[in-house]
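Pasted below: coords_22.csv, CSV, C-alpha atoms.
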```csv
chain,number,residue,atom,x,y,z
E,1,MET,CA,-6.1,79.6,54.3
E,2,THR,CA,-6.1,82.7,56.6
E,3,ARG,CA,-8.8,85.1,55.8
E,4,ASN,CA,-7.7,88.7,54.9
E,5,LYS,CA,-8.7,90.9,57.9
E,6,LEU,CA,-9.6,93.6,55.3
E,7,LEU,CA,-12.6,91.6,54.4
E,8,ASP,CA,-14.0,91.2,57.9
E,9,LEU,CA,-17.3,92.9,58.7
E,10,ARG,CA,-16.7,96.0,60.9
E,11,LYS,CA,-18.9,98.9,62.0
E,12,PHE,CA,-17.7,102.3,62.9
E,13,VAL,CA,-19.7,104.5,65.3
E,14,ALA,CA,-18.9,108.2,65.8
E,15,PRO,CA,-20.9,111.3,66.7
E,16,GLU,CA,-21.2,114.5,64.8
E,17,PHE,CA,-18.3,116.6,66.0
E,18,VAL,CA,-17.1,120.2,65.5
E,19,PHE,CA,-13.4,120.8,66.0
E,20,GLY,CA,-11.7,124.1,66.4
E,21,ASP,CA,-11.3,127.4,68.3
E,22,GLY,CA,-14.8,128.5,69.3
E,23,ALA,CA,-16.5,125.2,69.1
E,24,ALA,CA,-17.7,125.4,72.8
E,25,GLY,CA,-19.7,128.5,72.0
E,26,LEU,CA,-21.9,126.4,69.7
E,27,ALA,CA,-23.5,124.5,72.6
E,28,GLY,CA,-26.7,126.5,72.6
E,29,ARG,CA,-27.2,126.3,68.8
E,30,TYR,CA,-26.8,122.5,68.9
E,31,ALA,CA,-29.1,122.1,71.9
E,32,ARG,CA,-31.8,124.1,70.2
E,33,ASN,CA,-31.4,122.0,67.0
E,34,LEU,CA,-31.9,118.9,69.0
E,35,GLY,CA,-35.2,120.3,70.2
E,36,ALA,CA,-34.1,121.1,73.8
E,37,ARG,CA,-36.3,123.4,75.9
E,38,ARG,CA,-34.5,123.1,79.3
E,39,VAL,CA,-30.9,121.8,79.5
E,40,LEU,CA,-29.1,120.0,82.4
E,41,VAL,CA,-25.4,121.1,82.3
E,42,VAL,CA,-23.3,118.4,83.9
E,43,THR,CA,-19.9,119.7,85.0
E,44,ASP,CA,-17.7,120.0,88.1
E,45,ALA,CA,-16.4,122.7,90.4
E,46,GLY,CA,-13.0,123.0,88.7
E,47,VAL,CA,-14.6,123.5,85.3
E,48,ILE,CA,-16.9,126.1,86.7
E,49,ARG,CA,-14.0,127.9,88.4
E,50,HIS,CA,-12.1,128.1,85.1
E,51,GLY,CA,-15.0,129.6,83.2
E,52,CYS,CA,-15.7,126.8,80.7
E,53,ALA,CA,-19.2,126.0,82.2
E,54,GLY,CA,-20.0,129.7,82.1
E,55,LEU,CA,-19.2,129.9,78.4
E,56,VAL,CA,-21.6,127.1,77.7
E,57,LEU,CA,-24.4,128.6,79.9
E,58,GLU,CA,-24.0,131.9,78.0
E,59,SER,CA,-24.3,130.0,74.7
E,60,LEU,CA,-27.5,128.4,75.9
E,61,ALA,CA,-28.9,131.7,77.1
E,62,ARG,CA,-28.3,133.3,73.7
E,63,GLU,CA,-30.7,130.7,72.3
E,64,GLY,CA,-33.2,131.3,75.0
E,65,LEU,CA,-32.6,127.9,76.7
E,66,PRO,CA,-32.5,127.7,80.5
E,67,GLY,CA,-29.5,125.8,81.9
E,68,VAL,CA,-29.7,123.8,85.2
E,69,VAL,CA,-26.2,123.1,86.6
E,70,PHE,CA,-25.4,119.7,88.2
E,71,GLN,CA,-21.8,119.8,89.5
E,72,GLU,CA,-21.7,117.1,92.1
E,73,VAL,CA,-19.3,114.9,90.1
E,74,SER,CA,-16.2,113.2,91.5
E,75,SER,CA,-12.9,112.6,89.6
E,76,ASN,CA,-14.1,109.0,89.2
E,77,PRO,CA,-17.9,109.5,88.8
E,78,ARG,CA,-19.9,107.4,91.3
E,79,ASP,CA,-23.2,105.6,90.8
E,80,CYS,CA,-24.8,107.7,93.6
E,81,GLU,CA,-23.8,110.9,91.7
E,82,VAL,CA,-25.4,109.6,88.5
E,83,MET,CA,-28.6,108.8,90.3
E,84,ALA,CA,-28.6,112.2,92.0
E,85,GLY,CA,-28.1,113.8,88.6
E,86,ALA,CA,-31.0,111.9,87.1
E,87,GLU,CA,-33.2,113.0,90.0
E,88,THR,CA,-32.2,116.6,89.4
E,89,CYS,CA,-32.9,116.2,85.7
E,90,LEU,CA,-36.4,114.8,86.3
E,91,ARG,CA,-37.2,117.3,89.0
E,92,GLU,CA,-36.1,120.3,86.9
E,93,GLY,CA,-37.9,119.0,83.8
E,94,CYS,CA,-34.7,118.9,81.6
E,95,ASP,CA,-35.1,117.3,78.2
E,96,ALA,CA,-31.4,117.4,77.1
E,97,ILE,CA,-27.9,117.3,78.6
E,98,VAL,CA,-24.7,119.3,77.9
E,99,ALA,CA,-21.6,117.8,79.6
E,100,VAL,CA,-18.8,120.2,80.1
E,101,GLY,CA,-15.5,118.9,81.5
E,102,GLY,CA,-13.2,115.9,81.3
E,103,GLY,CA,-14.1,112.2,81.3
E,104,SER,CA,-15.8,112.4,84.7
E,105,PRO,CA,-18.6,114.9,83.9
E,106,MET,CA,-19.1,113.3,80.4
E,107,ASP,CA,-19.4,109.8,81.8
E,108,CYS,CA,-21.7,111.0,84.5
E,109,ALA,CA,-23.9,112.8,81.9
E,110,LYS,CA,-24.1,109.6,79.8
E,111,GLY,CA,-25.2,107.7,82.9
E,112,ILE,CA,-27.8,110.3,83.8
E,113,GLY,CA,-29.3,110.3,80.3
E,114,ILE,CA,-29.8,106.5,80.2
E,115,VAL,CA,-31.1,106.3,83.8
E,116,VAL,CA,-33.8,109.0,82.9
E,117,THR,CA,-35.0,107.3,79.7
E,118,ASN,CA,-34.9,103.7,81.0
E,119,GLU,CA,-36.0,104.3,84.6
E,120,ARG,CA,-33.4,101.9,86.0
E,121,HIS,CA,-30.4,102.0,88.3
E,122,ILE,CA,-27.1,102.8,86.5
E,123,SER,CA,-25.6,99.5,87.6
E,124,SER,CA,-28.2,97.5,85.6
E,125,PHE,CA,-26.5,98.7,82.3
E,126,GLU,CA,-23.1,97.2,83.0
E,127,GLY,CA,-21.5,95.3,80.1
E,128,VAL,CA,-22.0,95.4,76.4
E,129,ASP,CA,-25.2,96.4,74.7
E,130,ASN,CA,-27.3,96.4,77.8
E,131,VAL,CA,-29.1,99.7,77.3
E,132,PRO,CA,-32.6,99.2,75.8
E,133,ARG,CA,-33.4,102.9,75.2
E,134,PRO,CA,-31.1,105.7,74.1
E,135,GLY,CA,-30.5,108.4,76.7
E,136,LEU,CA,-31.6,112.0,76.5
E,137,PRO,CA,-30.0,114.2,73.7
E,138,LEU,CA,-26.4,114.7,74.7
E,139,ILE,CA,-23.8,117.3,73.7
E,140,CYS,CA,-20.3,117.0,75.1
E,141,VAL,CA,-17.8,119.8,75.4
E,142,PRO,CA,-14.5,118.2,76.5
E,143,THR,CA,-12.1,120.3,78.5
E,144,THR,CA,-9.2,117.8,78.7
E,145,SER,CA,-7.3,116.1,75.8
E,146,GLY,CA,-7.4,112.5,77.0
E,147,SER,CA,-10.6,110.7,78.0
E,148,SER,CA,-12.3,110.9,74.5
E,149,ALA,CA,-15.7,110.3,76.2
E,150,ASP,CA,-17.0,112.9,73.9
E,151,VAL,CA,-16.8,110.5,70.9
E,152,SER,CA,-16.9,107.1,72.5
E,153,GLN,CA,-19.5,104.4,73.2
E,154,PHE,CA,-18.2,103.9,76.7
E,155,ALA,CA,-19.4,105.2,80.0
E,156,ILE,CA,-17.3,104.3,83.1
E,157,VAL,CA,-19.0,104.7,86.5
E,158,SER,CA,-17.7,103.6,90.0
E,159,ASP,CA,-20.0,101.1,91.7
E,160,THR,CA,-19.5,102.2,95.3
E,161,SER,CA,-21.0,99.1,96.9
E,162,ARG,CA,-18.7,96.7,95.0
E,163,ARG,CA,-15.8,99.1,94.9
E,164,LEU,CA,-15.2,98.6,91.2
E,165,LYS,CA,-15.6,100.5,88.0
E,166,LEU,CA,-18.5,99.3,85.9
E,167,ALA,CA,-18.1,99.6,82.1
E,168,ILE,CA,-21.1,100.4,80.0
E,169,VAL,CA,-20.5,99.9,76.3
E,170,SER,CA,-23.3,100.8,74.0
E,171,LYS,CA,-23.9,102.9,70.9
E,172,THR,CA,-26.8,104.4,72.9
E,173,VAL,CA,-24.3,106.4,75.0
E,174,VAL,CA,-22.5,107.9,71.9
E,175,PRO,CA,-23.2,111.7,72.2
E,176,ASP,CA,-25.3,113.4,69.6
E,177,ALA,CA,-22.6,116.0,69.2
E,178,ALA,CA,-19.1,116.7,70.4
E,179,LEU,CA,-17.9,120.3,70.4
E,180,ILE,CA,-14.1,120.0,70.6
E,181,ASP,CA,-12.5,123.3,71.4
E,182,PRO,CA,-8.7,123.3,72.1
E,183,ARG,CA,-9.0,126.6,74.0
E,184,THR,CA,-10.9,124.9,76.8
E,185,THR,CA,-7.8,122.8,77.6
E,186,THR,CA,-5.5,125.8,78.3
E,187,THR,CA,-6.6,125.9,81.9
E,188,MET,CA,-5.4,122.4,82.6
E,189,GLY,CA,-2.5,122.2,85.0
E,190,TYR,CA,0.9,120.4,84.4
E,191,GLU,CA,-0.1,117.2,86.0
E,192,LEU,CA,-3.6,116.9,84.6
E,193,THR,CA,-2.2,117.6,81.1
E,194,ALA,CA,0.3,114.7,81.6
E,195,HIS,CA,-2.2,112.2,82.9
E,196,THR,CA,-4.9,112.9,80.3
E,197,GLY,CA,-2.3,112.9,77.5
E,198,LEU,CA,-0.9,109.6,78.6
E,199,ASP,CA,-4.5,108.3,78.8
E,200,ALA,CA,-5.0,109.2,75.2
E,201,LEU,CA,-1.7,107.5,74.3
E,202,THR,CA,-2.9,104.3,76.1
E,203,HIS,CA,-6.2,104.5,74.2
E,204,ALA,CA,-4.4,104.6,70.9
E,205,VAL,CA,-1.9,101.8,71.8
E,206,GLU,CA,-4.6,99.5,73.1
E,207,ALA,CA,-6.9,100.1,70.1
E,208,TYR,CA,-4.1,99.4,67.6
E,209,ALA,CA,-3.1,96.2,69.4
E,210,SER,CA,-6.8,95.1,70.0
E,211,ASN,CA,-8.0,91.9,68.4
E,212,ALA,CA,-11.0,93.9,67.2
E,213,SER,CA,-8.9,96.4,65.3
E,214,SER,CA,-9.7,97.3,61.7
E,215,PRO,CA,-8.0,99.4,58.9
E,216,VAL,CA,-10.2,102.4,59.9
E,217,THR,CA,-9.3,102.2,63.6
E,218,ASP,CA,-5.7,101.5,62.8
E,219,LEU,CA,-5.5,104.7,60.8
E,220,HIS,CA,-6.8,106.8,63.7
E,221,ALA,CA,-4.8,104.9,66.4
E,222,LEU,CA,-1.4,105.3,64.8
E,223,GLU,CA,-1.9,109.0,64.1
E,224,ALA,CA,-3.0,109.5,67.7
E,225,VAL,CA,0.3,107.9,68.9
E,226,ARG,CA,2.2,110.3,66.6
E,227,LEU,CA,0.4,113.4,67.7
E,228,VAL,CA,0.5,112.6,71.5
E,229,SER,CA,4.2,111.6,71.5
E,230,ALA,CA,5.2,114.7,69.5
E,231,ASN,CA,3.1,117.3,71.4
E,232,LEU,CA,2.5,116.2,75.0
E,233,LEU,CA,5.6,117.7,76.5
E,234,ALA,CA,5.1,121.0,74.6
E,235,ALA,CA,1.6,121.3,75.9
E,236,MET,CA,2.8,120.7,79.4
E,237,ARG,CA,5.6,123.2,79.2
E,238,ALA,CA,3.6,126.0,77.4
E,239,PRO,CA,0.0,125.5,78.5
E,240,HIS,CA,-1.3,128.5,76.5
E,241,ASP,CA,0.3,127.3,73.2
E,242,LEU,CA,-2.9,126.8,71.3
E,243,GLU,CA,-1.3,124.9,68.5
E,244,ALA,CA,0.2,122.3,70.9
E,245,ARG,CA,-3.2,122.1,72.7
E,246,ALA,CA,-5.0,121.7,69.4
E,247,ARG,CA,-2.7,118.8,68.3
E,248,MET,CA,-3.2,117.1,71.7
E,249,MET,CA,-7.0,117.5,71.3
E,250,LEU,CA,-6.7,116.1,67.8
E,251,GLY,CA,-4.7,113.2,69.1
E,252,SER,CA,-7.3,112.5,71.8
E,253,LEU,CA,-10.1,112.7,69.2
E,254,TYR,CA,-8.3,110.2,66.9
E,255,ALA,CA,-7.6,107.9,69.9
E,256,GLY,CA,-11.2,108.0,70.9
E,257,LEU,CA,-12.5,107.2,67.4
E,258,ALA,CA,-10.1,104.2,67.4
E,259,PHE,CA,-10.8,102.7,70.9
E,260,SER,CA,-14.6,103.4,70.7
E,261,ASN,CA,-14.7,101.0,67.8
E,262,ALA,CA,-11.7,98.6,68.4
E,263,ILE,CA,-12.3,98.6,72.2
E,264,LEU,CA,-9.3,98.5,74.5
E,265,GLY,CA,-7.2,95.9,76.4
E,266,ALA,CA,-5.6,94.8,79.6
E,267,VAL,CA,-4.3,98.2,80.6
E,268,HIS,CA,-7.8,99.5,81.0
E,269,ALA,CA,-9.1,96.3,82.6
E,270,LEU,CA,-6.4,96.6,85.3
E,271,ALA,CA,-6.7,100.3,85.7
E,272,HIS,CA,-10.5,100.2,86.2
E,273,GLY,CA,-10.0,97.9,89.3
E,274,LEU,CA,-7.5,100.4,90.8
E,275,GLY,CA,-9.9,103.3,90.2
E,276,GLY,CA,-12.8,101.4,91.8
E,277,LEU,CA,-10.9,100.1,94.8
E,278,LEU,CA,-8.8,103.1,95.7
E,279,ASP,CA,-10.3,106.0,93.7
E,280,LEU,CA,-7.0,106.6,91.9
E,281,PRO,CA,-6.6,108.9,88.9
E,282,HIS,CA,-7.4,106.9,85.8
E,283,GLY,CA,-4.8,108.4,83.4
E,284,LEU,CA,-2.0,108.0,86.0
E,285,CYS,CA,-2.9,104.3,86.5
E,286,ASN,CA,-2.9,103.7,82.7
E,287,ALA,CA,0.6,105.4,82.5
E,288,ILE,CA,2.0,103.2,85.2
E,289,LEU,CA,0.6,100.0,83.8
E,290,LEU,CA,1.1,100.5,80.1
E,291,GLU,CA,4.7,99.4,79.7
E,292,HIS,CA,4.1,96.2,81.8
E,293,VAL,CA,1.0,95.2,79.7
E,294,VAL,CA,2.9,95.9,76.4
E,295,ALA,CA,5.8,93.8,77.7
E,296,ALA,CA,3.4,90.9,78.4
E,297,ASN,CA,1.5,91.3,75.0
E,298,TYR,CA,4.5,91.9,72.7
E,299,GLU,CA,5.2,88.4,71.4
E,300,THR,CA,1.5,87.9,70.5
E,301,ALA,CA,1.5,90.9,68.1
E,302,PRO,CA,5.1,91.9,67.4
E,303,GLY,CA,4.3,93.5,64.0
E,304,ARG,CA,1.6,95.7,65.5
E,305,TYR,CA,3.8,96.8,68.4
E,306,ARG,CA,6.7,97.5,66.0
E,307,ASN,CA,4.4,100.0,64.2
E,308,ILE,CA,3.5,101.6,67.5
E,309,GLY,CA,7.2,102.0,68.3
E,310,LEU,CA,7.8,103.6,64.9
E,311,ALA,CA,4.9,106.0,65.5
E,312,LEU,CA,6.5,106.9,68.8
E,313,GLY,CA,9.7,107.7,67.0
E,314,ALA,CA,11.7,104.8,68.5
E,315,ALA,CA,14.7,103.4,66.7
E,316,MET,CA,13.1,100.0,66.0
E,317,PRO,CA,15.4,97.2,64.8
E,318,GLU,CA,14.8,95.1,61.7
E,319,VAL,CA,11.6,93.2,61.2
E,320,GLY,CA,11.9,89.8,63.0
E,321,ASP,CA,14.1,91.0,65.9
E,322,HIS,CA,11.3,90.7,68.4
E,323,SER,CA,13.5,90.9,71.4
E,324,GLY,CA,15.2,94.1,70.2
E,325,GLY,CA,11.8,95.5,69.1
E,326,ARG,CA,10.3,94.9,72.5
E,327,GLN,CA,13.1,96.5,74.3
E,328,ALA,CA,13.1,99.6,72.0
E,329,LEU,CA,9.4,100.1,72.4
E,330,LEU,CA,9.5,99.7,76.2
E,331,GLU,CA,12.3,102.2,76.4
E,332,ALA,CA,10.4,104.7,74.3
E,333,LEU,CA,7.3,104.4,76.5
E,334,ARG,CA,9.3,104.7,79.7
E,335,ARG,CA,11.1,107.8,78.3
E,336,LEU,CA,7.9,109.6,77.4
E,337,THR,CA,6.1,108.7,80.7
E,338,ARG,CA,9.1,109.7,82.8
E,339,GLU,CA,9.6,113.0,80.9
E,340,ALA,CA,5.9,113.7,81.5
E,341,GLY,CA,6.6,113.3,85.2
E,342,VAL,CA,5.2,109.9,85.9
E,343,ASN,CA,7.9,108.2,87.9
E,344,CYS,CA,5.9,106.5,90.7
E,345,ARG,CA,4.8,103.0,91.3
E,346,LEU,CA,1.5,101.6,92.4
E,347,SER,CA,2.8,101.0,95.9
E,348,GLU,CA,3.4,104.8,96.3
E,349,LEU,CA,-0.3,105.3,95.5
E,350,GLY,CA,-1.5,103.1,98.3
E,351,VAL,CA,-1.8,99.7,96.5
E,352,GLN,CA,-0.7,96.9,98.8
E,353,ARG,CA,0.3,93.3,97.8
E,354,GLU,CA,-2.7,91.9,99.6
E,355,ASP,CA,-5.0,93.9,97.3
E,356,LEU,CA,-3.7,92.1,94.2
E,357,PRO,CA,-5.9,89.0,94.2
E,358,GLU,CA,-9.1,91.1,94.5
E,359,LEU,CA,-7.9,93.5,91.8
E,360,ALA,CA,-7.0,90.7,89.5
E,361,ALA,CA,-10.3,89.0,89.9
E,362,LYS,CA,-12.1,92.2,89.0
E,363,ALA,CA,-9.8,92.8,86.0
E,364,LEU,CA,-10.5,89.3,84.7
E,365,CYS,CA,-14.3,90.2,84.5
E,366,ASP,CA,-13.7,93.6,82.8
E,367,PRO,CA,-15.1,93.7,79.2
E,368,CYS,CA,-11.9,95.5,78.0
E,369,LEU,CA,-9.9,92.3,78.6
E,370,VAL,CA,-11.9,90.5,75.8
E,371,THR,CA,-10.1,92.5,73.1
E,372,ASN,CA,-6.6,92.3,74.6
E,373,PRO,CA,-4.4,90.6,71.9
E,374,ARG,CA,-3.7,87.6,74.2
E,375,PRO,CA,-5.8,85.9,76.9
E,376,PHE,CA,-4.7,86.5,80.5
E,377,THR,CA,-5.1,84.2,83.4
E,378,ILE,CA,-5.6,85.6,86.9
E,379,GLU,CA,-2.0,84.6,87.6
E,380,ASP,CA,-0.9,86.7,84.6
E,381,ILE,CA,-2.8,89.7,85.9
E,382,VAL,CA,-1.4,89.4,89.4
E,383,GLY,CA,2.1,89.2,87.8
E,384,ILE,CA,1.6,92.5,85.9
E,385,TYR,CA,0.3,94.2,89.1
E,386,GLU,CA,3.4,93.0,90.9
E,387,LYS,CA,5.7,94.4,88.3
E,388,ALA,CA,4.0,97.8,88.6
E,389,LEU,CA,4.0,97.6,92.4
```
What would the structure in this file look like if it were written as structure tokens?
Amino acid sequence: MTRNKLLDLRKFVAPEFVFGDGAAGLAGRYARNLGARRVLVVTDAGVIRHGCAGLVLESLAREGLPGVVFQEVSSNPRDCEVMAGAETCLREGCDAIVAVGGGSPMDCAKGIGIVVTNERHISSFEGVDNVPRPGLPLICVPTTSGSSADVSQFAIVSDTSRRLKLAIVSKTVVPDAALIDPRTTTTMGYELTAHTGLDALTHAVEAYASNASSPVTDLHALEAVRLVSANLLAAMRAPHDLEARARMMLGSLYAGLAFSNAILGAVHALAHGLGGLLDLPHGLCNAILLEHVVAANYETAPGRYRNIGLALGAAMPEVGDHSGGRQALLEALRRLTREAGVNCRLSELGVQREDLPELAAKALCDPCLVTNPRPFTIEDIVGIYEKAL
């Protein structure tokens, strides 16, 4: 007799979060409440230029807390940057961290925190539950609506020697607080809004299809699909529409709560290899790969993918018409990604056919592949890359 999935043991990990206009200005109060005396502010040049980092520094100053800025963070944060940030943190005597930015500063900040407390190289934490001691107190102020690093137990860092992205999955990297302020996302450009929004969509789709999904993650994942599909284009066309931005931020939050607990799947496993080898934008890689992974997975979980199609607003056929359902879902995904301006293929980003065996071998070892709804061989993975090439 098949056991009811509702009875399966599941844990759900989430940080304290504050959502709404003005949340970013609470950074100083939260840092003080965590006992901070000197704060490392991890950010990047773009976030500084647009004023979001300054807003956080002012908040810290109001509470009498000095802020030390570390901004040497790449779009795919590197192991050497994490180690440099940890050195700065120790040298300056910082005892807490505030990350301000997209997934890159937040993942870098997570890495800095655990390197400082564990006194080990960032690469030694790769995998699941390999962080002995929690990092420094961490507050995240996201400025994009896509990565969801502010609420997740993931930290993704590029290993420059092996040219791959190492995934660190541990509840010790879940931030102590996330201050989610939709106003911070109004400075995002058209392309960044598209890529981060499609990243959030991929998080939601993969979490819902994951073999580690649960009723709680399902609830968040499907609502994230609805929110992103209904508001992404509006946020792109009217970047200062605070309601559209707020709905996208909410979609990103829901997707993050879902995937942090249900984990992800083959899209992310394959995208991590691309980011590590060629330093490509993560959200763009996800957007290109999503339809091809869904096509490969569909027959394993047709009911789940049918629900995703309905959440996207696709005209799904009757239950049982798997071929028609697959086609309807793929068309809906293609339509949204194309309307968001993603029309390129991997070959246009510099991926070559001779790269595929190496990329597939790395994807096969990625922890995100464990929760994909069906197992993949290295030949399956090469085939997906070829379709996206």
Sorted by chain and rising residue number, which residues of stretch 209-314 of chain E lie within 7 Å of stretch 373-387 of chain E, and what are their closest atom pairs and distances in Å to one decimal, counting all atoms listed in the file, as JSON lines?
```
{"residue": "E:Ala209", "atom": "CA", "partner": "E:Pro373", "partner_atom": "CA", "distance": 6.3}
{"residue": "E:Ser210", "atom": "CA", "partner": "E:Pro373", "partner_atom": "CA", "distance": 5.4}
{"residue": "E:Asn211", "atom": "CA", "partner": "E:Pro373", "partner_atom": "CA", "distance": 5.2}
{"residue": "E:His292", "atom": "CA", "partner": "E:Ile384", "partner_atom": "CA", "distance": 6.1}
{"residue": "E:Val293", "atom": "CA", "partner": "E:Ile384", "partner_atom": "CA", "distance": 6.8}
{"residue": "E:Asn297", "atom": "CA", "partner": "E:Arg374", "partner_atom": "CA", "distance": 6.4}
{"residue": "E:Thr300", "atom": "CA", "partner": "E:Arg374", "partner_atom": "CA", "distance": 6.4}
```
Please provide as a PyMOL selection string all residues within 9 Å of stretch 282-288 of chain E, with the sequence filter that same-chain residues fewer than 3 positions apart are discarded (counting all atoms listed in the file).
chain E and resi 75-76+146-147+192+194-202+267-268+270-272+274-275+279+291-292+337+342-346+388
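Minimum distance to E:Tyr254 across E:Ala14, E:Gly303, E:Val68, E:Val294 (counting all atoms listed in the file) occurs at E:Ala14.
Every protein, DNA or RNA residue with an atom at most 12 Å from E:Leu310, where all atoms listed in the file count and chain neighbours fewer than 3 positions away do not, is listed here: E:Leu222, E:Glu223, E:Val225, E:Arg226, E:Ser229, E:Gly303, E:Arg304, E:Tyr305, E:Arg306, E:Asn307, E:Gly313, E:Ala314, E:Ala315, E:Met316, E:Pro317, E:Glu318, E:Val319, E:Gly325, E:Arg326, E:Ala328, E:Leu329, E:Ala332, E:Leu333.
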Mind dumping the selected residues with C-alpha atoms as an mmCIF file, keeping the file's coordinate frame?
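Final output, saved to again.cif:
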```
data_model
loop_
_atom_site.group_PDB
_atom_site.id
_atom_site.type_symbol
_atom_site.label_atom_id
_atom_site.label_comp_id
_atom_site.auth_asym_id
_atom_site.auth_seq_id
_atom_site.Cartn_x
_atom_site.Cartn_y
_atom_site.Cartn_z
ATOM 1 C CA LEU E 222 -1.400 105.300 64.800
ATOM 2 C CA GLU E 223 -1.900 109.000 64.100
ATOM 3 C CA VAL E 225 0.300 107.900 68.900
ATOM 4 C CA ARG E 226 2.200 110.300 66.600
ATOM 5 C CA SER E 229 4.200 111.600 71.500
ATOM 6 C CA GLY E 303 4.300 93.500 64.000
ATOM 7 C CA ARG E 304 1.600 95.700 65.500
ATOM 8 C CA TYR E 305 3.800 96.800 68.400
ATOM 9 C CA ARG E 306 6.700 97.500 66.000
ATOM 10 C CA ASN E 307 4.400 100.000 64.200
ATOM 11 C CA GLY E 313 9.700 107.700 67.000
ATOM 12 C CA ALA E 314 11.700 104.800 68.500
ATOM 13 C CA ALA E 315 14.700 103.400 66.700
ATOM 14 C CA MET E 316 13.100 100.000 66.000
ATOM 15 C CA PRO E 317 15.400 97.200 64.800
ATOM 16 C CA GLU E 318 14.800 95.100 61.700
ATOM 17 C CA VAL E 319 11.600 93.200 61.200
ATOM 18 C CA GLY E 325 11.800 95.500 69.100
ATOM 19 C CA ARG E 326 10.300 94.900 72.500
ATOM 20 C CA ALA E 328 13.100 99.600 72.000
ATOM 21 C CA LEU E 329 9.400 100.100 72.400
ATOM 22 C CA ALA E 332 10.400 104.700 74.300
ATOM 23 C CA LEU E 333 7.300 104.400 76.500
#
```
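Among E:Leu34, E:Ala255, E:Ala311, E:Leu242, the residue with the shortest atom-to-atom distance to E:Leu136, counting only C-alpha atoms, is E:Leu34.
Distance check against E:Leu359 using all atoms listed in the file: of E:Ala109, E:Ala224, E:Leu9, E:Ala269, the minimum falls on E:Ala269.
Closest approach to E:Val41 from the set E:Lys110, E:Arg133, E:Lys5, E:Arg78 is made by E:Lys110, with distances taken over all atoms listed in the file.
Relative to atom CA of E:Val98, atom CA of E:Ile139 is found at 4.7 Å.
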Test item: residues at most 9 Å from E:Glu92, only C-alpha atoms, excluding those fewer than 3 positions along its chain, as a PDB file with C-alpha atoms, in the frame of the given file:
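Contents of result02.pdb, as written:
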```
ATOM      1  CA  ARG E  38     -34.500 123.100  79.300  1.00  0.00           C
ATOM      2  CA  LEU E  40     -29.100 120.000  82.400  1.00  0.00           C
ATOM      3  CA  VAL E  68     -29.700 123.800  85.200  1.00  0.00           C
ATOM      4  CA  GLU E  87     -33.200 113.000  90.000  1.00  0.00           C
ATOM      5  CA  THR E  88     -32.200 116.600  89.400  1.00  0.00           C
ATOM      6  CA  CYS E  89     -32.900 116.200  85.700  1.00  0.00           C
TER       7      CYS E  89
END
```
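In this comparison, which uses all atoms listed in the file, the residue of E:Leu356, E:Ala340, E:Ala212, E:Met83 approaching E:Ala234 most closely is E:Ala340.
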(Q) From (-15.8, 127.3, 70.1), in the file's coordinates, out to 8 Å: which residues are reached, counting only C-alpha atoms? Answer as a ChimeraX atom specification. (A) /E:20-26,179-181,183
Prev. selection, C-alpha atoms, output as an mmCIF file, keeping the file's coordinate frame:
```cif
data_model
loop_
_atom_site.group_PDB
_atom_site.id
_atom_site.type_symbol
_atom_site.label_atom_id
_atom_site.label_comp_id
_atom_site.auth_asym_id
_atom_site.auth_seq_id
_atom_site.Cartn_x
_atom_site.Cartn_y
_atom_site.Cartn_z
ATOM 1 C CA GLY E 20 -11.700 124.100 66.400
ATOM 2 C CA ASP E 21 -11.300 127.400 68.300
ATOM 3 C CA GLY E 22 -14.800 128.500 69.300
ATOM 4 C CA ALA E 23 -16.500 125.200 69.100
ATOM 5 C CA ALA E 24 -17.700 125.400 72.800
ATOM 6 C CA GLY E 25 -19.700 128.500 72.000
ATOM 7 C CA LEU E 26 -21.900 126.400 69.700
ATOM 8 C CA LEU E 179 -17.900 120.300 70.400
ATOM 9 C CA ILE E 180 -14.100 120.000 70.600
ATOM 10 C CA ASP E 181 -12.500 123.300 71.400
ATOM 11 C CA ARG E 183 -9.000 126.600 74.000
#
```
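Of the residues under consideration (E:Asp176, E:Glu191, E:Asp107, E:Glu243), E:Asp107 shows the shortest atom-to-atom contact distance to E:Thr43 when counting all atoms listed in the file.
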Students should find that atom CA of E:Val157 and atom CA of E:Asp79 are spaced 6.1 Å
Need the shell around E:Arg37: protein/DNA/RNA residues with any atom at most 9 Å away, counting all atoms listed in the file. Skip same-chain ones fewer than 4 positions apart. Format as a compact mmCIF listing (two decimals) with C-alpha atoms, in the coordinates of the input?
```txt
# COMPACT_ATOMS: atom_id res chain seq x y z
CA ALA E 31 -29.10 122.10 71.90
CA ARG E 32 -31.80 124.10 70.20
CA GLY E 64 -33.20 131.30 75.00
CA LEU E 65 -32.60 127.90 76.70
CA PRO E 66 -32.50 127.70 80.50
CA CYS E 94 -34.70 118.90 81.60
CA ASP E 95 -35.10 117.30 78.20
CA ALA E 96 -31.40 117.40 77.10
```
re atom CA of E:Asp159 and atom CA of E:Ser123: distance 7.1 Å
task: Identify, on the basis of only C-alpha atoms, every residue whose closest approach to stretch 44-59 of chain E does not exceed 6 Å; exclude the query and any residue fewer than 3 positions from it along the same chain; express the result as a ChimeraX atom specification.
output: /E:25,27-28,62,71,73
